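Chemist: What follows is final.cif, made up of mmCIF, C-alpha atoms:
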data_query
#
loop_
_atom_site.label_atom_id
_atom_site.label_comp_id
_atom_site.auth_asym_id
_atom_site.auth_seq_id
_atom_site.Cartn_x
_atom_site.Cartn_y
_atom_site.Cartn_z
CA MET A 65 21.72 10.46 -29.68
CA ARG A 66 23.99 8.45 -27.45
CA LYS A 67 22.38 5.36 -26.03
CA ILE A 68 21.69 5.75 -22.32
CA ASN A 69 23.76 3.21 -20.42
CA LEU A 70 22.45 0.66 -17.96
CA GLU A 71 23.36 2.44 -14.72
CA THR A 72 21.83 5.76 -15.77
CA ALA A 73 18.58 4.14 -16.88
CA VAL A 74 18.22 2.17 -13.64
CA GLY A 75 19.20 5.20 -11.57
CA LEU A 76 16.55 7.32 -13.28
CA PHE A 77 13.87 4.70 -12.67
CA ILE A 78 14.80 4.31 -9.00
CA LEU A 79 14.78 8.09 -8.55
CA ILE A 80 11.28 8.46 -10.04
CA GLY A 81 10.05 5.56 -7.90
CA ILE A 82 11.51 6.89 -4.67
CA ILE A 83 10.14 10.38 -5.31
CA SER A 84 6.63 8.98 -5.85
CA LEU A 85 6.94 6.81 -2.76
CA GLY A 86 8.15 9.74 -0.68
CA TYR A 87 5.38 11.99 -1.94
CA LEU A 88 2.76 9.36 -1.13
CA SER A 89 4.00 8.77 2.41
CA ILE A 90 4.45 12.43 3.27
CA ARG A 91 1.35 13.81 1.57
CA MET A 92 -1.12 10.95 2.08
CA GLY A 93 0.43 9.26 5.07
CA LYS A 94 1.20 12.54 6.81
CA LEU A 95 4.52 11.05 7.80
CA GLU A 96 6.01 13.53 10.19
CA VAL A 97 9.31 14.89 9.04
CA ILE A 98 11.44 14.57 12.15
CA GLY A 99 11.55 17.60 14.38
CA ALA A 100 8.02 18.95 14.02
CA LYS A 101 7.90 21.68 16.66
CA GLY A 102 5.01 22.07 19.03
CA THR A 103 3.60 21.55 22.48
CA THR A 104 1.82 18.57 23.99
CA LEU A 105 -1.26 19.13 26.14
CA PHE A 106 -3.56 16.76 27.96
CA ALA A 107 -7.31 16.96 28.34
CA GLU A 108 -9.74 14.70 30.19
CA PHE A 109 -13.18 13.99 28.78
CA GLY A 110 -16.19 12.11 30.13
CA ALA A 111 -16.85 10.65 26.67
CA VAL A 112 -14.90 10.93 23.45
CA ALA A 113 -17.56 9.31 21.24
CA GLY A 114 -15.54 7.69 18.49
CA ILE A 115 -12.76 10.22 18.09
CA LYS A 116 -9.58 8.58 16.80
CA PRO A 117 -5.88 9.41 17.12
CA GLY A 118 -4.99 11.65 14.19
CA ALA A 119 -8.20 13.67 14.42
CA ALA A 120 -7.84 17.42 13.94
CA VAL A 121 -7.57 20.03 16.70
CA GLU A 122 -9.06 23.37 15.69
CA ILE A 123 -9.34 26.87 17.07
CA ALA A 124 -12.03 28.98 15.39
CA GLY A 125 -12.17 26.46 12.55
CA VAL A 126 -8.46 26.64 11.80
CA GLY A 127 -6.49 23.42 12.16
CA VAL A 128 -3.73 23.90 14.74
CA GLY A 129 -2.72 20.34 15.58
CA LYS A 130 -3.95 16.80 16.07
CA VAL A 131 -4.92 14.17 18.61
CA LYS A 132 -1.89 12.04 19.38
CA SER A 133 -3.34 9.34 21.62
CA ILE A 134 -6.38 8.50 23.73
CA ARG A 135 -6.10 6.51 26.94
CA LEU A 136 -8.34 5.63 29.84
CA LYS A 137 -7.23 7.10 33.15
CA ASP A 138 -9.39 6.91 36.31
CA TYR A 139 -12.39 6.01 34.14
CA GLN A 140 -11.93 9.23 32.19
CA ALA A 141 -10.72 9.46 28.61
CA THR A 142 -7.38 11.26 28.62
CA MET A 143 -6.50 12.75 25.29
CA GLU A 144 -3.00 13.80 24.28
CA LEU A 145 -3.16 16.82 21.99
CA PHE A 146 -0.25 17.98 19.87
CA ILE A 147 -0.38 21.71 19.05
CA LEU A 148 1.85 22.71 16.13
CA GLY A 149 4.19 25.69 16.17
CA ASP A 150 4.58 28.04 19.12
CA LEU A 151 0.90 28.67 19.65
CA LYS A 152 0.04 29.13 23.34
CA ILE A 153 -3.22 27.98 24.89
CA GLN A 154 -4.64 30.02 27.79
CA GLU A 155 -5.25 28.42 31.15
CA ASP A 156 -9.02 28.90 30.97
CA ALA A 157 -9.42 27.61 27.42
CA ILE A 158 -12.21 25.07 26.88
CA ALA A 159 -11.64 21.89 24.85
CA SER A 160 -14.69 20.17 23.40
CA VAL A 161 -15.33 17.17 21.12
CA LYS A 162 -17.42 18.21 18.13
CA THR A 163 -18.75 16.76 14.89
CA LYS A 164 -18.59 18.31 11.45
CA GLY A 165 -22.18 18.29 10.26
CA LEU A 166 -24.59 15.59 11.43
CA ILE A 167 -22.58 12.58 10.27
CA GLY A 168 -19.21 14.19 9.63
CA GLU A 169 -15.90 13.42 11.23
CA LYS A 170 -15.11 14.14 14.89
CA TYR A 171 -12.61 16.80 15.91
CA VAL A 172 -11.49 18.71 18.99
CA GLU A 173 -12.36 22.40 19.16
CA ILE A 174 -10.49 24.62 21.60
CA ALA A 175 -12.27 27.81 22.62
CA PRO A 176 -9.55 30.27 23.69
CA GLY A 177 -9.80 31.84 27.13
CA ALA A 178 -9.05 35.31 28.43
CA SER A 179 -6.45 34.48 31.08
CA GLU A 180 -2.96 35.95 30.90
CA LYS A 181 -1.41 32.66 31.98
CA PHE A 182 -0.63 29.99 29.40
CA ILE A 183 -0.59 26.23 29.82
CA PRO A 184 3.01 24.92 29.81
CA ASP A 185 4.20 22.03 27.60
CA GLY A 186 2.78 18.79 29.02
CA GLY A 187 0.11 20.66 31.00
CA ARG A 188 -3.59 19.93 31.25
CA ILE A 189 -6.59 21.76 29.82
CA ARG A 190 -8.92 21.88 32.80
CA GLU A 191 -12.18 22.87 31.17
CA THR A 192 -13.57 20.24 28.82
CA GLU A 193 -16.91 19.47 27.22
CA SER A 194 -17.76 15.91 26.23
CA ALA A 195 -19.24 14.94 22.90
CA ILE A 196 -22.96 15.46 22.43
CA ASP A 197 -24.76 12.14 22.56
CA TYR A 198 -27.49 12.48 19.96
CA GLU A 199 -29.31 9.34 21.05
CA SER A 200 -29.80 10.46 24.65
CA LEU A 201 -30.72 13.92 23.41
CA ILE A 202 -33.41 12.47 21.15
CA SER A 203 -34.75 10.17 23.88
CA LYS A 204 -34.91 13.09 26.31
CA PHE A 205 -36.83 15.05 23.72
CA ILE A 206 -39.27 12.21 23.13
CA PHE A 207 -39.90 11.67 26.85
CA GLY A 208 -40.12 15.37 27.46
CA LYS A 209 -37.30 16.01 29.88
CA VAL A 210 -35.52 18.74 27.99
CA MET B 109 -13.89 -48.31 -3.81
CA LEU B 110 -10.33 -49.24 -3.05
CA THR B 111 -9.14 -48.02 -6.46
CA PHE B 112 -10.93 -44.74 -5.85
CA LEU B 113 -9.20 -44.24 -2.51
CA ASN B 114 -5.94 -45.21 -4.16
CA THR B 115 -6.33 -42.63 -6.93
CA LEU B 116 -7.35 -39.95 -4.46
CA GLY B 117 -4.36 -40.63 -2.23
CA GLU B 118 -2.00 -40.71 -5.17
CA TRP B 119 -3.34 -37.42 -6.48
CA PHE B 120 -3.11 -35.76 -3.08
CA LEU B 121 0.45 -36.94 -2.53
CA SER B 122 1.54 -35.71 -5.94
CA VAL B 123 0.01 -32.30 -5.27
CA LEU B 124 1.80 -32.16 -1.93
CA ASN B 125 5.02 -33.22 -3.58
CA ARG B 126 4.75 -30.53 -6.23
CA LEU B 127 3.96 -27.81 -3.68
CA GLY B 128 6.98 -28.85 -1.63
CA HIS B 129 9.11 -28.72 -4.75
CA VAL B 130 7.96 -25.17 -5.57
CA PHE B 131 8.50 -24.03 -2.01
CA LEU B 132 11.96 -25.58 -1.72
CA PHE B 133 12.91 -23.75 -4.91
CA LEU B 134 12.06 -20.44 -3.24
CA LEU B 135 13.92 -21.34 -0.04
CA ARG B 136 17.03 -22.38 -1.99
CA SER B 137 16.92 -19.12 -3.96
CA LEU B 138 16.53 -17.01 -0.82
CA TYR B 139 19.39 -18.89 0.81
CA THR B 140 21.58 -18.20 -2.23
CA ALA B 141 20.46 -14.56 -2.22
CA VAL B 142 21.94 -13.80 1.20
CA ARG B 143 25.30 -15.42 0.50
CA PRO B 144 28.09 -13.66 -1.38
CA PRO B 145 29.28 -13.26 -4.10
CA PHE B 146 26.51 -10.93 -5.25
CA LYS B 147 25.98 -10.47 -8.96
CA PHE B 148 25.33 -6.74 -8.93
CA ARG B 149 25.58 -6.19 -12.67
CA ILE B 150 22.99 -8.85 -13.49
CA PHE B 151 20.77 -7.43 -10.76
CA LEU B 152 20.92 -3.98 -12.39
CA ARG B 153 20.03 -5.48 -15.74
CA GLN B 154 17.00 -7.18 -14.21
CA VAL B 155 15.91 -3.92 -12.53
CA ARG B 156 15.89 -2.34 -15.97
CA PHE B 157 14.07 -5.36 -17.36
CA PHE B 158 11.34 -5.23 -14.67
CA GLY B 159 11.30 -1.52 -13.98
CA ASN B 160 12.24 0.75 -16.85
CA LYS B 161 10.55 -1.34 -19.49
CA SER B 162 7.30 -1.65 -17.51
CA LEU B 163 7.18 2.05 -16.73
CA LEU B 164 5.20 3.07 -19.79
CA VAL B 165 2.53 0.39 -19.40
CA VAL B 166 2.18 1.17 -15.69
CA LEU B 167 1.80 4.89 -16.44
CA MET B 168 -0.90 4.16 -19.01
CA THR B 169 -2.90 1.76 -16.84
CA GLY B 170 -2.51 4.05 -13.83
CA ALA B 171 -3.81 7.07 -15.70
CA PHE B 172 -6.84 5.33 -17.15
CA THR B 173 -7.66 3.48 -13.93
CA GLY B 174 -7.73 6.77 -12.03
CA MET B 175 -9.87 8.41 -14.72
CA VAL B 176 -12.42 5.64 -14.92
CA LEU B 177 -12.64 5.36 -11.12
CA ALA B 178 -13.30 9.08 -10.79
CA LEU B 179 -15.98 8.90 -13.47
CA GLN B 180 -17.83 5.89 -12.04
CA ILE B 181 -17.56 6.79 -8.37
CA TYR B 182 -18.74 10.31 -9.14
CA TYR B 183 -22.00 9.07 -10.64
CA THR B 184 -22.62 6.77 -7.68
CA LEU B 185 -21.81 9.40 -5.07
CA ARG B 186 -23.96 12.00 -6.80
CA LYS B 187 -27.05 9.96 -5.99
CA PHE B 188 -26.35 10.58 -2.30
CA GLY B 189 -25.16 14.13 -2.79
CA SER B 190 -21.73 13.33 -1.38
CA GLU B 191 -19.49 14.16 -4.32
CA ALA B 192 -17.06 15.65 -1.81
CA LEU B 193 -15.95 12.10 -0.96
CA LEU B 194 -14.72 11.48 -4.51
CA GLY B 195 -11.08 12.25 -3.66
CA PRO B 196 -10.73 9.84 -0.74
CA ALA B 197 -12.75 7.15 -2.54
CA VAL B 198 -10.45 7.23 -5.56
CA ALA B 199 -7.30 7.48 -3.42
CA LEU B 200 -8.27 4.65 -1.06
CA THR B 201 -9.28 2.31 -3.88
CA ILE B 202 -6.06 2.95 -5.76
CA ILE B 203 -3.65 2.95 -2.82
CA ARG B 204 -5.07 -0.08 -1.07
CA GLU B 205 -6.18 -2.34 -3.91
CA LEU B 206 -5.85 -1.37 -7.52
CA GLY B 207 -2.35 0.10 -7.44
CA PRO B 208 -0.57 -3.02 -6.18
CA VAL B 209 -2.81 -5.52 -8.00
CA LEU B 210 -3.00 -3.89 -11.42
CA SER B 211 0.67 -2.99 -11.61
CA ALA B 212 1.55 -6.56 -10.56
CA LEU B 213 -0.75 -7.99 -13.24
CA MET B 214 0.74 -5.70 -15.87
CA VAL B 215 4.30 -6.64 -14.95
CA THR B 216 3.31 -10.31 -14.98
CA GLY B 217 2.05 -10.00 -18.53
CA ARG B 218 5.00 -7.95 -19.71
CA ALA B 219 8.02 -9.21 -17.80
CA GLY B 220 6.96 -12.47 -16.14
CA SER B 221 6.11 -14.20 -19.39
CA ALA B 222 9.34 -13.04 -21.07
CA LEU B 223 11.32 -14.22 -18.06
CA THR B 224 9.78 -17.69 -18.12
CA ALA B 225 10.39 -18.02 -21.86
CA GLU B 226 14.01 -16.89 -21.50
CA ILE B 227 14.83 -19.28 -18.67
CA GLY B 228 12.84 -22.07 -20.34
CA ILE B 229 14.84 -21.78 -23.56
CA MET B 230 18.10 -21.74 -21.58
CA LYS B 231 16.88 -24.92 -19.94
CA ILE B 232 15.96 -26.79 -23.14
CA SER B 233 19.12 -25.68 -24.94
CA GLU B 234 21.07 -27.09 -21.99
CA GLN B 235 22.68 -23.77 -21.04
CA ILE B 236 21.65 -24.32 -17.43
CA ASP B 237 23.34 -27.73 -17.46
CA ALA B 238 26.43 -26.07 -18.94
CA LEU B 239 26.53 -23.61 -16.02
CA GLU B 240 26.22 -26.48 -13.58
CA SER B 241 28.98 -28.47 -15.24
CA MET B 242 31.29 -25.49 -14.82
CA ALA B 243 30.46 -25.61 -11.08
CA LEU B 244 28.56 -22.32 -11.27
CA ASN B 245 25.33 -22.11 -9.33
CA PRO B 246 22.58 -21.38 -11.90
CA LEU B 247 20.33 -20.03 -9.15
CA ARG B 248 22.84 -17.29 -8.43
CA TYR B 249 23.05 -16.16 -12.05
CA LEU B 250 19.50 -16.66 -13.27
CA ILE B 251 17.04 -16.71 -10.39
CA VAL B 252 18.29 -14.62 -7.47
CA PRO B 253 18.85 -11.36 -9.44
CA ASN B 254 15.27 -11.62 -10.69
CA ILE B 255 13.70 -12.13 -7.27
CA VAL B 256 15.71 -9.35 -5.62
CA ALA B 257 15.05 -6.96 -8.52
CA ALA B 258 11.31 -7.69 -8.44
CA VAL B 259 11.10 -7.10 -4.68
CA LEU B 260 12.76 -3.72 -5.19
CA VAL B 261 10.89 -2.70 -8.33
CA PHE B 262 7.29 -3.66 -7.49
CA PRO B 263 6.77 -1.14 -4.66
CA LEU B 264 8.30 1.63 -6.76
CA LEU B 265 6.07 0.83 -9.73
CA THR B 266 3.08 0.72 -7.39
CA ALA B 267 3.94 4.14 -5.97
CA ILE B 268 4.17 5.58 -9.49
CA PHE B 269 0.86 3.93 -10.39
CA ASP B 270 -0.81 5.39 -7.26
CA LEU B 271 0.42 8.89 -7.93
CA VAL B 272 -0.54 8.89 -11.61
CA GLY B 273 -3.93 7.37 -10.79
CA ILE B 274 -4.78 9.93 -8.10
CA TYR B 275 -3.79 12.86 -10.30
CA SER B 276 -5.66 11.62 -13.36
CA GLY B 277 -8.69 11.10 -11.10
CA TYR B 278 -8.23 14.72 -10.10
CA LEU B 279 -8.13 15.71 -13.77
CA VAL B 280 -11.45 14.01 -14.51
CA GLY B 281 -13.16 15.00 -11.26
CA VAL B 282 -12.15 18.65 -11.26
CA GLN B 283 -11.70 19.54 -14.93
CA LEU B 284 -14.43 17.47 -16.53
CA LEU B 285 -17.03 16.90 -13.81
CA GLY B 286 -16.68 20.30 -12.19
CA LEU B 287 -15.78 19.37 -8.61
CA SER B 288 -13.93 22.08 -6.70
CA PRO B 289 -10.18 21.41 -6.54
CA GLY B 290 -10.02 21.99 -2.79
CA THR B 291 -12.46 19.25 -1.79
CA TYR B 292 -10.69 16.58 -3.82
CA PHE B 293 -7.45 16.88 -1.84
CA SER B 294 -8.55 18.21 1.57
CA GLN B 295 -10.93 15.31 2.15
CA MET B 296 -8.19 12.94 1.01
CA ASP B 297 -5.78 14.36 3.58
CA THR B 298 -8.15 13.69 6.47
CA ILE B 299 -9.24 10.20 5.44
CA VAL B 300 -6.21 8.49 3.86
CA ASP B 301 -3.71 7.31 6.48
CA MET B 302 -0.14 6.11 6.59
CA GLN B 303 -1.59 2.68 7.32
CA ASP B 304 -3.28 2.61 3.91
CA VAL B 305 -0.01 3.44 2.17
CA ASN B 306 1.72 0.69 4.17
CA ILE B 307 -0.90 -1.91 3.22
CA GLY B 308 -0.30 -1.11 -0.46
CA LEU B 309 3.43 -1.45 0.06
CA TYR B 310 3.19 -4.82 1.82
CA LYS B 311 0.97 -6.08 -0.96
CA SER B 312 3.29 -5.00 -3.74
CA LEU B 313 6.34 -6.45 -1.95
CA SER B 314 4.66 -9.85 -1.69
CA PHE B 315 3.46 -9.65 -5.30
CA GLY B 316 7.07 -9.04 -6.33
CA VAL B 317 8.10 -12.28 -4.64
CA ILE B 318 5.14 -14.19 -6.09
CA VAL B 319 5.60 -13.07 -9.70
CA SER B 320 9.36 -13.56 -9.90
CA TRP B 321 9.22 -16.84 -7.97
CA ILE B 322 6.50 -18.44 -10.11
CA SER B 323 7.96 -17.17 -13.40
CA CYS B 324 11.45 -18.43 -12.56
CA TYR B 325 10.20 -21.75 -11.25
CA LYS B 326 8.10 -22.43 -14.33
CA GLY B 327 10.97 -21.55 -16.66
CA TYR B 328 13.53 -23.50 -14.66
CA HIS B 329 11.37 -26.62 -14.77
CA ALA B 330 10.04 -26.23 -18.32
CA GLY B 331 9.29 -29.36 -20.31
CA TYR B 332 11.20 -30.27 -23.44
CA GLY B 333 10.90 -28.66 -26.85
CA ALA B 334 9.16 -25.54 -28.01
CA GLU B 335 5.88 -26.89 -26.69
CA GLY B 336 7.30 -27.29 -23.20
CA VAL B 337 8.43 -23.66 -23.13
CA SER B 338 5.12 -22.35 -24.45
CA ARG B 339 3.23 -24.38 -21.85
CA ALA B 340 5.53 -23.14 -19.11
CA THR B 341 4.99 -19.52 -20.16
CA THR B 342 1.23 -19.84 -20.25
CA SER B 343 1.10 -21.56 -16.91
CA ALA B 344 3.48 -19.00 -15.34
CA VAL B 345 1.22 -16.09 -16.35
CA VAL B 346 -2.01 -17.83 -15.32
CA THR B 347 -0.64 -19.08 -12.00
CA SER B 348 0.92 -15.73 -11.10
CA SER B 349 -2.24 -13.80 -11.94
CA VAL B 350 -4.51 -16.10 -9.95
CA LEU B 351 -2.11 -16.17 -7.01
CA ILE B 352 -1.91 -12.35 -7.03
CA LEU B 353 -5.68 -12.03 -6.76
CA VAL B 354 -6.05 -14.77 -4.13
CA TRP B 355 -3.16 -13.47 -2.03
CA ASP B 356 -4.54 -9.93 -2.36
CA TYR B 357 -7.80 -11.00 -0.75
CA PHE B 358 -6.11 -12.81 2.12
CA LEU B 359 -3.60 -10.06 2.79
CA GLY B 360 -6.39 -7.51 2.57
CA SER B 361 -8.52 -9.30 5.13
CA ILE B 362 -5.60 -9.86 7.50
CA LEU B 363 -4.25 -6.33 7.36
CA LEU B 364 -7.58 -4.50 7.44
#
Go ahead and express the file in the form of structure tokens.

Modeler:
Amino acid sequence: MRKINLETAVGLFILIGIISLGYLSIRMGKLEVIGAKGTTLFAEFGAVAGIKPGAAVEIAGVGVGKVKSIRLKDYQATMELFILGDLKIQEDAIASVKTKGLIGEKYVEIAPGASEKFIPDGGRIRETESAIDYESLISKFIFGKV
Amino acid sequence: MLTFLNTLGEWFLSVLNRLGHVFLFLLRSLYTAVRPPFKFRIFLRQVRFFGNKSLLVVLMTGAFTGMVLALQIYYTLRKFGSEALLGPAVALTIIRELGPVLSALMVTGRAGSALTAEIGIMKISEQIDALESMALNPLRYLIVPNIVAAVLVFPLLTAIFDLVGIYSGYLVGVQLLGLSPGTYFSQMDTIVDMQDVNIGLYKSLSFGVIVSWISCYKGYHAGYGAEGVSRATTSAVVTSSVLILVWDYFLGSILL
């Protein structure tokens, strides 16, 4: 067998390394390959209760996008939601912050509406439900105000 | 009392002097690195020396680290009934800590020691002086290619280590311990972030600088005779390893 020369050996090593690095950043880091299509929507919540940018957005349990950013606007948490693909959200859809299980991760669930009108790109979801605050729920239960 | 103060001051000044010497060596090398002419051929040879020849040992350590992590973390998590978190636990441990640190330690043992011995023998057989007397900058030929090659190679080796480790963890978790294949990766996708991958990369970049810098410095300033070279090699490996672990903690706590 011919001895592999220096350049080929180094080239092979670099190739393997770059492929692993690329796989790690795209698969684990969810690095967005430029040009991901979708629409951006805004939603205002009274309380977001520990939801972080990058959290999932789901409709009927199916992941359809993610939370891009969370900012405070007029003492309300304004969330920027990125919906993947050309999925349209109805005008009367309801966005709510939910938890998977008792101590699971937080995510945004969108309950689709029945309206014929869709929210345009950059529009606002009007109906929202804030996260359930377990502590106040428990204290209400204890002091009998449910 | 006065003699004590005297000794203390002398010791402190000598330590400071030595540290300055080591640091100036790095600065001089970096300065030479950004000025042409570049020795591309030597650089390629050093990439092969650091990269290709460490590939096998990195693959082996990566595979067994991932397997043992999956095994141990599984038995801990099972006590809380949260085996579903095995995937992210293995991935986070490997990507953030063990990948950069273990591959750096392996390369130190394999390549760093050889590098110090090589440069040390060039030093005691007066080859470095010969280069200087021909008005060639020894830093450009011996040191700079090593540092640049290490900075390039370490992140790549770390990425390979991470990948092999995560997949061998998958092998143990799913094939041997009977976890469902879906949970291992889906949980990983939601918990591991780009930031974690970046932290691992920053760490391995800085380890590349540390290992090549210390190994070259120790070889370049080796004492005389065979004993001098052997002492330089030992001290290069020990110093690099300790510095890797110390720096890993500090970088970890800063970047967290």

Chemist: Tell me, counting only C-alpha atoms, for each residue of chain A within 6 Å of chain B, which pair of atoms is nearest and how far apart they are in Å to one decimal, in rows ordered by chain and increasing number, as CSV.

Modeler:
residue,atom,partner,partner_atom,distance
A:Val74,CA,B:Arg156,CA,5.6
A:Phe77,CA,B:Asn160,CA,6.0
A:Gly81,CA,B:Leu264,CA,4.5
A:Ser84,CA,B:Ala267,CA,5.5
A:Leu85,CA,B:Ala267,CA,5.1
A:Met92,CA,B:Val300,CA,5.9
A:Gly93,CA,B:Met302,CA,3.5

Chemist: For the residues selected in the previous step, produce a file with C-alpha atoms as a JSON list (two decimals), keeping the file's coordinate frame.

Modeler:
[["chain", "number", "residue", "atom", "x", "y", "z"],
["A", 74, "VAL", "CA", 18.22, 2.17, -13.64],
["A", 77, "PHE", "CA", 13.87, 4.70, -12.67],
["A", 81, "GLY", "CA", 10.05, 5.56, -7.90],
["A", 84, "SER", "CA", 6.63, 8.98, -5.85],
["A", 85, "LEU", "CA", 6.94, 6.81, -2.76],
["A", 92, "MET", "CA", -1.12, 10.95, 2.08],
["A", 93, "GLY", "CA", 0.43, 9.26, 5.07]]

Chemist: Can you pull out every residue within 7 Å of Ala225 in chain B, counting all atoms listed in the file, but drop anything in the same chain fewer than 2 positions away, and send it as an NGL selection string?

Modeler: :B and (221-223 or 227-229 or 327 or 337 or 341)

Chemist: Go ahead and save the picked residues with C-alpha atoms, as a PDB file, in the coordinates of the input.

Modeler:
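In the end it all went to out-v4.pdb:
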ATOM      1  CA  SER B 221       6.110 -14.200 -19.390  1.00  0.00           C
ATOM      2  CA  ALA B 222       9.340 -13.040 -21.070  1.00  0.00           C
ATOM      3  CA  LEU B 223      11.320 -14.220 -18.060  1.00  0.00           C
ATOM      4  CA  ILE B 227      14.830 -19.280 -18.670  1.00  0.00           C
ATOM      5  CA  GLY B 228      12.840 -22.070 -20.340  1.00  0.00           C
ATOM      6  CA  ILE B 229      14.840 -21.780 -23.560  1.00  0.00           C
ATOM      7  CA  GLY B 327      10.970 -21.550 -16.660  1.00  0.00           C
ATOM      8  CA  VAL B 337       8.430 -23.660 -23.130  1.00  0.00           C
ATOM      9  CA  THR B 341       4.990 -19.520 -20.160  1.00  0.00           C
TER      10      THR B 341
END

Chemist: Using only C-alpha atoms, which residue out of A:Tyr87, A:Phe207, A:Phe109, A:Tyr171 lies closest to Ile123 in chain A?

Modeler: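 Under the stated criterion, the closest residue is A:Tyr171.
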
Chemist: For Ala178 in chain A, which residue among A:Lys130, A:Thr163, A:Ala157, A:Asp197 is the nearest when counting all atoms listed in the file?

Modeler: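 Under the stated criterion, the closest residue is A:Ala157.
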
Chemist: Tell me, in Å to one decimal, how far CA of Thr201 in chain B is from CA of Thr216 in chain B.

Modeler: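 Calculated distance between CA of Thr201 in chain B and CA of Thr216 in chain B is 21.0 Å.
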
Chemist: Tell me, as a count of residues only, which residues lie within 12 Å of Leu136 in chain A, counting only C-alpha atoms; anything in the same chain fewer than 3 positions away does not count.

Modeler: 13

Chemist: Just so the selection is clear, what residues does the PyMOL selection byres ((chain A and resi 188-192) around 8) cover here, as a count of residues only?

Modeler: 16

Chemist: Taking (-18.9, 6.2, -11.7) as a centre in this file's frame and 12 Å as the limit, can you find every polymer residue with an atom that close, using all atoms listed in the file, and give them as a PDB file with C-alpha atoms, in the coordinates of the input?

Modeler:
ATOM      1  CA  THR B 173      -7.660   3.480 -13.930  1.00  0.00           C
ATOM      2  CA  GLY B 174      -7.730   6.770 -12.030  1.00  0.00           C
ATOM      3  CA  MET B 175      -9.870   8.410 -14.720  1.00  0.00           C
ATOM      4  CA  VAL B 176     -12.420   5.640 -14.920  1.00  0.00           C
ATOM      5  CA  LEU B 177     -12.640   5.360 -11.120  1.00  0.00           C
ATOM      6  CA  ALA B 178     -13.300   9.080 -10.790  1.00  0.00           C
ATOM      7  CA  LEU B 179     -15.980   8.900 -13.470  1.00  0.00           C
ATOM      8  CA  GLN B 180     -17.830   5.890 -12.040  1.00  0.00           C
ATOM      9  CA  ILE B 181     -17.560   6.790  -8.370  1.00  0.00           C
ATOM     10  CA  TYR B 182     -18.740  10.310  -9.140  1.00  0.00           C
ATOM     11  CA  TYR B 183     -22.000   9.070 -10.640  1.00  0.00           C
ATOM     12  CA  THR B 184     -22.620   6.770  -7.680  1.00  0.00           C
ATOM     13  CA  LEU B 185     -21.810   9.400  -5.070  1.00  0.00           C
ATOM     14  CA  ARG B 186     -23.960  12.000  -6.800  1.00  0.00           C
ATOM     15  CA  LYS B 187     -27.050   9.960  -5.990  1.00  0.00           C
ATOM     16  CA  GLU B 191     -19.490  14.160  -4.320  1.00  0.00           C
ATOM     17  CA  LEU B 194     -14.720  11.480  -4.510  1.00  0.00           C
ATOM     18  CA  ALA B 197     -12.750   7.150  -2.540  1.00  0.00           C
ATOM     19  CA  VAL B 198     -10.450   7.230  -5.560  1.00  0.00           C
ATOM     20  CA  GLY B 277      -8.690  11.100 -11.100  1.00  0.00           C
ATOM     21  CA  VAL B 280     -11.450  14.010 -14.510  1.00  0.00           C
ATOM     22  CA  GLY B 281     -13.160  15.000 -11.260  1.00  0.00           C
ATOM     23  CA  LEU B 285     -17.030  16.900 -13.810  1.00  0.00           C
TER      24      LEU B 285
END

Chemist: Report, in Å with one decimal, the straight-line distance from CA of Ser314 in chain B to CA of Ala212 in chain B.

Modeler: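 Between these atoms lies a distance of 10.0 Å.
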
Chemist: Give me the residues near Val121 in chain A as JSON, numbers by chain, where near means some atom within 6 Å (using all atoms listed in the file) and where sequence neighbours in that chain fewer than 5 positions away do not count.

Modeler: {"A": [127, 128, 129, 130, 172, 173]}

Chemist: At a cut-off of 7 Å around the point (-2.9, -0.8, -16.6) (file coordinates), what residues fall inside when counting only C-alpha atoms? I'd like the answer as JSON, numbers by chain.

Modeler: {"B": [165, 166, 168, 169, 170, 173, 210, 211, 214]}

Chemist: Could you jot down the CA of Gly273 in chain B to CA of Val209 in chain B separation for me, Å, one decimal place?

Modeler: 13.2 Å

Chemist: Compile the contact shell of Gly331 in chain B as a list in words: residues with an atom at most 9 Å away, counting all atoms listed in the file, same-chain residues fewer than 2 positions apart removed.

Modeler: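 What passes the distance filter is Gly228, Lys231, Ile232, Gly327, His329, Gly333, Ala334, Glu335, Gly336, Val337, Arg339 and Ala340 of chain B.
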